[in-house]
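J.: Would you mind keeping the following structure in view while I ask a few things?
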Amino acid sequence: MGGMIARGIRSLAGRPPPHLGAFASAPGGVRQPPCTAPSPIANIAGPSLPILSAPFMPYSASTDSQSHRFCTAPMIDVSDRHFRYLCRLMSRRARLYTEMITTGALLHGEPARWLSHHPAEQPLALQLGGSDPAELAACARLGEEWGCDEINLNCGCPSDRVQSGRFGACLMAEPALVADCVAAMVEAVRIPVTVKHRIGIDDQDEYEDLSRFVDQVAAAGCDTFIVHARKAWLQGLSPKENREIPPLNYERVFALKRDFPQLKIILNGGIRDLHSARAHLDSCDGVMLGREVAQNPFLLSQVDSLLFGEPGSSQERDDILRAYADYCAEQIEQGVALHHMARHALNLYHAQPGGRQFRRFLSEQLPKRKYDKELLLEALALCAA
């Protein structure tokens with residue numbers, strides 16, 4: 001098996017990529033430059049993204065024992081490079097994750113479309129969806145070459161589309177295959193390989209099943225497990241319902257930490273505020289928040305102080321929006337339509353006076369003023385009034 005995987009990795013990694021020219025197309029016709037890190041991928045060229053003036057630059061967490069103390073979740077259609085840049089404006093210590101990217105999208109599409117990012121986003125984890133060890137290893141290598149700090153394997157998504165590709169939550173039924181996938185990626189890269197998964201699937205939801213899964217995958221070289229504290233029903237529930245209907249069972253995640261003290265166990269699911277997150281840290285190594293960050297991104301401004309005991313961002317919402325407007329202006333110069341970026345700022349004034357007017361104004365104006373550098377600042381003035 002090991003020799004076959006190694007041959008597959010060499011074959012896939014050595015496959016010449018399609019010519020991308022100076023820029024690669026991104027969703028919605030956006031023209032996006034490649035990663036600022038020097039890329040060994042042939043035929044990908046283009047200017048480096050500028051280092052923008054941000055409240056602070058990210059923390060280098062390559063060997064930090066607290067590297068996963070707070071993470072933003074990988075969210076489809078949310079966790080793109082613009083959302084991650086906005087997050088970094090508010091927290092130096094948060095570990096940011098890409099949305100799930102399938103192996104097919106990277107190996108048969110345009111890597112720059114998914115892997116380009118601003119250096120301020122780091123530490124940055126690439127989440128992969130797939131179940132072929134050789135393909136995952138080739139994609140992990142691409143992620144490392146493009147400057148990602150971690151490769152994460154999705155074993156938690158329950159959607160029908162993901163299941164049809166034999167990846168996501170259904171992989172929990174095949175721990176030996178997951179172990180092969182992890183072993184192949186660990187062999188291919190020098191950065192950490194982690195796994196995100198559920199506490200169970202369908203009727204396979206006893207603690208013994210979960211413990212067996214973690215034990216087998218850990219033996220393949222994974223030392224960090226991000227655990228969504230709900231089981232997944234693979235039939236009968238939508239992905240949204242699978243985030244809400246199965247009951248939370250935090251104790252099962254905490255039991256993993258007690259039984260596997262040498263591993264990093266990160267809690268995910270149903271965490272609504274940072275005070276709850278801090279309380280959970282008594283029983284696990286870190287927390288991951290997703291929808292709450294998307295719905296109320298300014299909570300990130302308190303992450304560094306509340307969870308790391310470090311000085312947090314001194315910036316107010318208005319300061320964050322101005323800094324993000326500067327970023328958007330530079331991206332517009334590179335051909336990125338404003339709505340791809342401004343949509344992530346719609347909730348910046350969540351539950352604040354003027355927040356509803358801010359959101360309504362942007363929602364109405366963005367379709368009409370796709371490349372208007374002043375629109376965000378106009379919205380800010382409206383909110384302040």
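For the structure tokens, the naming scheme is as follows: chains receive sequential letters (A, B, ...) according to their order of presentation, residues are indexed from 1 within each chain, and ligands are indexed from 1 in presentation order.
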Do you know which residues are at most 10 Å from range 178-185 of chain A counting only C-alpha atoms, after dropping those on the same chain fewer than 2 positions away, and could you put them as a PyMOL selection string?
T.: chain A and resi 1-2+5-6+9+130-141+151-155+167+171-176+187-195+213-222
J.: Write the residues you've just listed into a file as a compact mmCIF listing (two decimals), in the first residue's frame, and include N, CA and C atoms for each of them.
T.:
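Result file selection16.txt:
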# COMPACT_ATOMS: atom_id res chain seq x y z
N MET A 1 0.84 -1.21 0.00
CA MET A 1 0.00 0.00 0.00
C MET A 1 0.87 1.25 0.00
N GLY A 2 1.91 1.30 0.88
CA GLY A 2 2.74 2.49 0.98
C GLY A 2 3.44 2.81 -0.34
N ILE A 5 0.87 4.24 -2.85
CA ILE A 5 0.54 5.63 -2.52
C ILE A 5 1.68 6.55 -2.92
N ALA A 6 2.91 6.16 -2.61
CA ALA A 6 4.06 7.01 -2.93
C ALA A 6 4.16 7.24 -4.43
N ILE A 9 1.50 9.70 -5.44
CA ILE A 9 1.85 11.06 -5.04
C ILE A 9 2.82 11.66 -6.04
N GLY A 130 -11.61 15.00 0.46
CA GLY A 130 -11.20 13.94 -0.43
C GLY A 130 -11.00 12.65 0.34
N SER A 131 -10.77 11.56 -0.38
CA SER A 131 -10.56 10.28 0.29
C SER A 131 -9.52 9.42 -0.40
N ASP A 132 -8.87 9.96 -1.41
CA ASP A 132 -7.80 9.22 -2.08
C ASP A 132 -6.46 9.66 -1.49
N PRO A 133 -5.72 8.76 -0.88
CA PRO A 133 -4.47 9.16 -0.20
C PRO A 133 -3.48 9.88 -1.11
N ALA A 134 -3.31 9.39 -2.34
CA ALA A 134 -2.34 10.01 -3.23
C ALA A 134 -2.79 11.41 -3.63
N GLU A 135 -4.08 11.58 -3.94
CA GLU A 135 -4.57 12.90 -4.31
C GLU A 135 -4.49 13.88 -3.14
N LEU A 136 -4.83 13.42 -1.96
CA LEU A 136 -4.73 14.29 -0.78
C LEU A 136 -3.28 14.69 -0.52
N ALA A 137 -2.37 13.76 -0.70
CA ALA A 137 -0.95 14.08 -0.48
C ALA A 137 -0.48 15.12 -1.49
N ALA A 138 -0.89 15.00 -2.74
CA ALA A 138 -0.50 15.97 -3.76
C ALA A 138 -1.08 17.35 -3.42
N CYS A 139 -2.32 17.39 -2.95
CA CYS A 139 -2.95 18.67 -2.58
C CYS A 139 -2.32 19.26 -1.33
N ALA A 140 -1.96 18.41 -0.39
CA ALA A 140 -1.28 18.90 0.80
C ALA A 140 0.04 19.56 0.42
N ARG A 141 0.74 18.94 -0.51
CA ARG A 141 1.99 19.54 -0.96
C ARG A 141 1.76 20.89 -1.62
N ILE A 151 -2.58 21.45 7.18
CA ILE A 151 -3.52 20.78 6.29
C ILE A 151 -4.55 20.06 7.16
N ASN A 152 -5.81 20.32 6.91
CA ASN A 152 -6.89 19.72 7.70
C ASN A 152 -7.77 18.87 6.79
N LEU A 153 -8.06 17.66 7.22
CA LEU A 153 -8.91 16.75 6.45
C LEU A 153 -10.34 16.81 6.98
N ASN A 154 -11.28 17.05 6.09
CA ASN A 154 -12.69 17.13 6.47
C ASN A 154 -13.28 15.73 6.60
N CYS A 155 -13.64 15.38 7.84
CA CYS A 155 -14.37 14.14 8.11
C CYS A 155 -15.66 14.46 8.87
N PHE A 167 -16.35 11.45 0.79
CA PHE A 167 -15.55 12.16 1.78
C PHE A 167 -16.48 12.93 2.70
N LEU A 171 -16.61 9.40 6.10
CA LEU A 171 -15.31 8.78 6.31
C LEU A 171 -15.14 8.25 7.73
N MET A 172 -15.97 8.72 8.66
CA MET A 172 -15.85 8.20 10.03
C MET A 172 -16.17 6.71 10.10
N ALA A 173 -16.86 6.21 9.10
CA ALA A 173 -17.14 4.77 9.04
C ALA A 173 -15.95 3.97 8.53
N GLU A 174 -14.90 4.67 8.06
CA GLU A 174 -13.73 3.99 7.51
C GLU A 174 -12.44 4.54 8.14
N PRO A 175 -12.23 4.31 9.41
CA PRO A 175 -11.04 4.86 10.06
C PRO A 175 -9.73 4.39 9.44
N ALA A 176 -9.69 3.18 8.88
CA ALA A 176 -8.46 2.70 8.25
C ALA A 176 -8.13 3.53 7.02
N GLU A 187 3.56 12.17 5.19
CA GLU A 187 4.78 11.84 4.48
C GLU A 187 5.13 12.91 3.44
N ALA A 188 4.10 13.58 2.91
CA ALA A 188 4.30 14.51 1.80
C ALA A 188 4.70 15.91 2.23
N VAL A 189 4.37 16.31 3.46
CA VAL A 189 4.60 17.70 3.88
C VAL A 189 5.29 17.76 5.23
N ARG A 190 5.80 18.96 5.55
CA ARG A 190 6.45 19.18 6.84
C ARG A 190 5.53 19.90 7.83
N ILE A 191 4.44 20.44 7.35
CA ILE A 191 3.51 21.16 8.22
C ILE A 191 2.53 20.16 8.85
N PRO A 192 1.85 20.55 9.95
CA PRO A 192 0.96 19.62 10.63
C PRO A 192 -0.23 19.20 9.76
N VAL A 193 -0.65 17.96 9.94
CA VAL A 193 -1.86 17.42 9.32
C VAL A 193 -2.86 17.13 10.42
N THR A 194 -4.05 17.71 10.33
CA THR A 194 -5.07 17.58 11.36
C THR A 194 -6.35 17.05 10.75
N VAL A 195 -7.29 16.68 11.62
CA VAL A 195 -8.57 16.12 11.16
C VAL A 195 -9.71 16.81 11.89
N PHE A 213 -11.77 5.51 16.42
CA PHE A 213 -11.45 6.35 15.25
C PHE A 213 -10.23 7.23 15.55
N VAL A 214 -10.27 7.94 16.68
CA VAL A 214 -9.17 8.84 17.04
C VAL A 214 -7.88 8.06 17.24
N ASP A 215 -7.95 6.94 17.90
CA ASP A 215 -6.75 6.15 18.18
C ASP A 215 -6.09 5.69 16.89
N GLN A 216 -6.89 5.22 15.93
CA GLN A 216 -6.33 4.71 14.69
C GLN A 216 -5.74 5.83 13.83
N VAL A 217 -6.42 6.97 13.79
CA VAL A 217 -5.93 8.08 12.97
C VAL A 217 -4.71 8.73 13.63
N ALA A 218 -4.69 8.81 14.94
CA ALA A 218 -3.53 9.35 15.64
C ALA A 218 -2.28 8.52 15.36
N ALA A 219 -2.44 7.20 15.28
CA ALA A 219 -1.30 6.33 15.02
C ALA A 219 -0.70 6.58 13.64
N ALA A 220 -1.47 7.20 12.74
CA ALA A 220 -0.98 7.50 11.39
C ALA A 220 -0.22 8.81 11.33
N GLY A 221 -0.21 9.58 12.44
CA GLY A 221 0.58 10.80 12.46
C GLY A 221 -0.18 12.07 12.72
N CYS A 222 -1.46 11.97 13.07
CA CYS A 222 -2.26 13.16 13.39
C CYS A 222 -2.26 13.37 14.90
J.: If you run DSSP on this backbone, which residues of range 42-218 of chain A come out as helix (DSSP H, G or I), and could you give them as an MDAnalysis selection string?
T.: chainID A and resid 81:88 103:107 111:115 119:121 133:145 160:164 168:173 175:188 207:218
J.: If you count only C-alpha atoms, which residues fall within 6 Å of range 294-308 of chain A, apart from same-chain ones fewer than 4 positions away, as a ChimeraX atom specification?
T.: /A:90-91,312-313,347-348,350
J.: Enumerate, as an MDAnalysis selection string, the complete set of residues in range 211-272 of chain A that a backbone-based DSSP assignment places in strand (DSSP E).
T.: chainID A and resid 224:228 264:268
J.: Find, counting only C-alpha atoms, the residue in A:Gly354, A:Gly200, A:Pro158, A:Pro261 that gets nearest to Leu234 in chain A.
T.: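 The closest residue to Leu234 in chain A is A:Pro158.
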